[in-house]
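Participant: Structure below; questions to follow.
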Amino acid sequence: MKYSNCRYGELRAERQAAGGLRRLQIRLAGLFVLSATRSSAATIAENFSTDPLQNGWQAFGNTNLFQWDSTNQSLDVTWDSSQPNSYFYHPLGAVYSKTNDFLITFDLRLNDIAIGTTPGEPFTFEMAIGLIHTTIATNGNYFRGYGYFPDIVEFDYFPNDINDYGATVSTIMISSQTNYSNGGFTDPLELETNTLYHVMMVYTATNQTLHTTVAAAGAPFGPIQDACLGASFDDFQVDAVSINSYSDDGQDPDYAGSILAHGTVDNIVFASPLPVGTINAVAAGEVQFASDTHWLYTLEQTADFQTWSAAAPSVPGNGTNLVLQATYPPADKSFYRVRADLP
């Protein structure tokens with residue numbers, strides 16, 4: 001069977017290793033644990049309400065592939081593999097590795113998508129959003145299709161192609177020595193056009209796992225397979241959050257693929273460390289966790305996991321242990337979670 005050289009390389013590595021709101025809401029139920037390393041700290045939140053190029057964003061390659069839509073307050077993106085490697089990225093201000101906890105979230109809506117758009121390259125190819133190392137990714141020898149693409153943490157989408165093996169969502173980490181993470185391939189799973197997808201990727205250093213959740217028009221989508229680091233994985237080094245349109249140059253002609261897609265990206269957030277650390281129950285209706293000063297925290301409660309409500313007013317993070325207590329805990333049993341909001 002045939003894949004595009006890029007997709008085949010990732011699948012082979014796996015087998016060998018065996019919108020509406022203008023603020024972000026993250027709901028964590030004590031599943032994610034902060035690592036001890038907190039020296040690198042950053043929170044980047046972009047809702048495209050103003051020109052992103054005036055807010056720390058940069059463009060590389062064919063800059064026309066990325067256009068700010070001031071009316072709809074989003075970024076119009078073209079993923080065109082016939083063009084050189086092109087990125088719309090925001091530096092993180094530090095280098096992050098497998099020892100750092102972090103999360104990436106974004107909204108994605110596809111207007112149209114087609115594969116086999118470059119003559120002689122009929123198979124599938126990816127569209128990508130994630131973390132890159134800018135010096136390496138902008139090097140002239142960086143060929144995503146050829147298989148040389150170190151230092152990335154990415155959400156990739158491969159549409160179905162003429163072989164009809166099914167569309168694939170790939171969440172992948174690749175090291176400085178081009179070692180692949182294990183797992184992270186979910187197929188068949190197709191992204192529909194004109195549907196708003198909200199993607200959240202959370203990497204935790206304690207278990208070296210990248211956990212991804214996706215919502216489609218507000219409803220759960222997937223589930224997405226976790227990606228984790230094996231014993232032979234050296235390390236990745238990333239320094240920017242980026243929307244990536246990769247060139248289809250350098251592929252094996254027998255597996256060559258190409259893509260042309262148009263869509264919008266919105267509400268991008270990168271945060272490290274995670275806004276919610278380990279949640280510990282202190283007493284009935286009271287929780288304690290490690291907080292971050294960039295975020296507002298709300299304790300939410302439910303009795304049936306269907307309807308959640310605020311159990312107390314929101315509280316700003318203090319950079320250390322924060323205690324949230326329910327103002328009016330229900331008389332019957334109740335379950336709690338913590339919501340983190342960017343102001």
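Residue names in the structure tokens use chain letters A, B, ... in the order shown, residue numbers from 1 in each chain, and ligand numbers from 1 in the order shown.
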What lies within 7 Å of region 242-247 of chain A using only C-alpha atoms, ignoring chain neighbours under 3 positions off, as a list in words?
Facilitator: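 Non-adjacent residues within range: Trp79, Asp80, Ser81, Ser82, Gln83, Pro84, Asn85, Ser86, Tyr87, Phe88, Tyr89, His90, Met127, Ala128, Ile129, Gly130, Leu131, Ile132 and Arg144 of chain A.
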Participant: Find the residues around Pro316 (chain A) up to 9 Å (only C-alpha atoms counted), leave out those fewer than 4 positions away in its own chain, and share them as a list in words.
Facilitator: Ser291, Asp292, Thr293, His294, Trp295, Leu296, Tyr297 and Thr298 of chain A
Participant: Go ahead and save the picked residues with N, CA and C atoms, as a PDB file, in the first residue's frame.
Facilitator:
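Listed below is the output, part16.pdb:
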```
ATOM      1  N   SER A 291      -1.485  27.285  41.081  1.00  0.00           N
ATOM      2  CA  SER A 291      -2.109  28.231  40.152  1.00  0.00           C
ATOM      3  C   SER A 291      -1.056  29.078  39.454  1.00  0.00           C
ATOM      4  N   ASP A 292      -1.515  29.852  38.484  1.00  0.00           N
ATOM      5  CA  ASP A 292      -0.651  30.735  37.708  1.00  0.00           C
ATOM      6  C   ASP A 292      -1.278  32.127  37.687  1.00  0.00           C
ATOM      7  N   THR A 293      -0.461  33.152  37.763  1.00  0.00           N
ATOM      8  CA  THR A 293      -0.979  34.520  37.898  1.00  0.00           C
ATOM      9  C   THR A 293      -1.662  35.045  36.640  1.00  0.00           C
ATOM     10  N   HIS A 294      -1.477  34.390  35.483  1.00  0.00           N
ATOM     11  CA  HIS A 294      -2.096  34.861  34.245  1.00  0.00           C
ATOM     12  C   HIS A 294      -3.576  34.500  34.144  1.00  0.00           C
ATOM     13  N   TRP A 295      -4.087  33.632  35.042  1.00  0.00           N
ATOM     14  CA  TRP A 295      -5.388  33.018  34.834  1.00  0.00           C
ATOM     15  C   TRP A 295      -6.374  33.368  35.943  1.00  0.00           C
ATOM     16  N   LEU A 296      -7.658  33.298  35.583  1.00  0.00           N
ATOM     17  CA  LEU A 296      -8.757  33.366  36.545  1.00  0.00           C
ATOM     18  C   LEU A 296      -9.322  31.961  36.714  1.00  0.00           C
ATOM     19  N   TYR A 297      -9.623  31.592  37.961  1.00  0.00           N
ATOM     20  CA  TYR A 297     -10.050  30.225  38.248  1.00  0.00           C
ATOM     21  C   TYR A 297     -11.459  30.223  38.845  1.00  0.00           C
ATOM     22  N   THR A 298     -12.256  29.261  38.370  1.00  0.00           N
ATOM     23  CA  THR A 298     -13.615  29.105  38.867  1.00  0.00           C
ATOM     24  C   THR A 298     -13.844  27.651  39.247  1.00  0.00           C
TER      25      THR A 298
END
```
Participant: Determine which residues of region 107-184 of chain A DSSP labels as strand (DSSP E or B) from the backbone of this structure, then write them out as number ranges by chain.
Facilitator: A: 107-115, 118, 121, 123, 127-132, 143, 148, 152-158, 168-174, 180, 182-183
Participant: Could you check the closest approach to Gln237 (chain A) for each of A:Ser170, A:Ala312, A:Asn160, A:Thr178 and tell me which residue wins, using only C-alpha atoms?
Facilitator: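 Comparing A:Ser170, A:Ala312, A:Asn160, A:Thr178 against Gln237 (chain A), the winner is A:Thr178.
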Participant: Which polymer residues have any atom within 12 Å of an atom of region 66-73 of chain A, counting only C-alpha atoms, with same-chain residues fewer than 4 positions away left out, as JSON, numbers by chain?
Facilitator: {"A": [19, 20, 21, 22, 46, 47, 48, 49, 50, 51, 52, 53, 54, 57, 58, 59, 60, 61, 62, 77, 78, 79, 80, 86, 87, 88, 89, 242, 243, 244, 245, 262, 263, 264, 265, 266, 267]}
Participant: Find the residues near Phe221 (chain A): any atom within 10 Å, counting only C-alpha atoms, skip ones fewer than 4 places away on the same chain, and give them as a list of chain:residue names.
Facilitator: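 Contacts, in chain order: A:Leu189, A:Leu191, A:Tyr197, A:His198, A:Val199, A:Thr213, A:Val214, A:Ala215, A:Ala216, A:Ala217.
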Participant: DSSP on the backbone, then: every residue of region 18-166 of chain A marked alpha helix (DSSP H), written as a PyMOL selection string.
Facilitator: chain A and resi 134-137
Participant: Output C-alpha atoms for every residue in the selection just made, as an mmCIF file, in the first residue's frame.
Facilitator:
```cif
data_model
loop_
_atom_site.group_PDB
_atom_site.id
_atom_site.type_symbol
_atom_site.label_atom_id
_atom_site.label_comp_id
_atom_site.auth_asym_id
_atom_site.auth_seq_id
_atom_site.Cartn_x
_atom_site.Cartn_y
_atom_site.Cartn_z
ATOM 1 C CA THR A 134 12.408 28.408 14.180
ATOM 2 C CA THR A 135 16.098 28.195 13.251
ATOM 3 C CA ILE A 136 15.718 24.582 12.151
ATOM 4 C CA ALA A 137 12.293 24.892 10.493
#
```
Participant: Write out as a list in words which residues come within 8 Å of Thr43 (chain A) when counting only C-alpha atoms, dropping same-chain ones fewer than 6 positions away.
Facilitator: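 Counting only C-alpha atoms, the residues come to Val269, Phe270, Ala271, Ser272 and His294 of chain A.
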Participant: Generate the output file for the selected residues, C-alpha atoms, as a short mmCIF file (atom, residue, chain, number, x, y, z; two decimals), in the first residue's frame.
Facilitator:
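After the write, part-v4.cif holds the following:
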```cif
data_model
loop_
_atom_site.label_atom_id
_atom_site.label_comp_id
_atom_site.auth_asym_id
_atom_site.auth_seq_id
_atom_site.Cartn_x
_atom_site.Cartn_y
_atom_site.Cartn_z
CA VAL A 269 -3.14 29.86 23.24
CA PHE A 270 0.19 28.48 24.45
CA ALA A 271 0.72 28.16 28.19
CA SER A 272 3.56 26.73 30.25
CA HIS A 294 -2.10 34.86 34.25
#
```
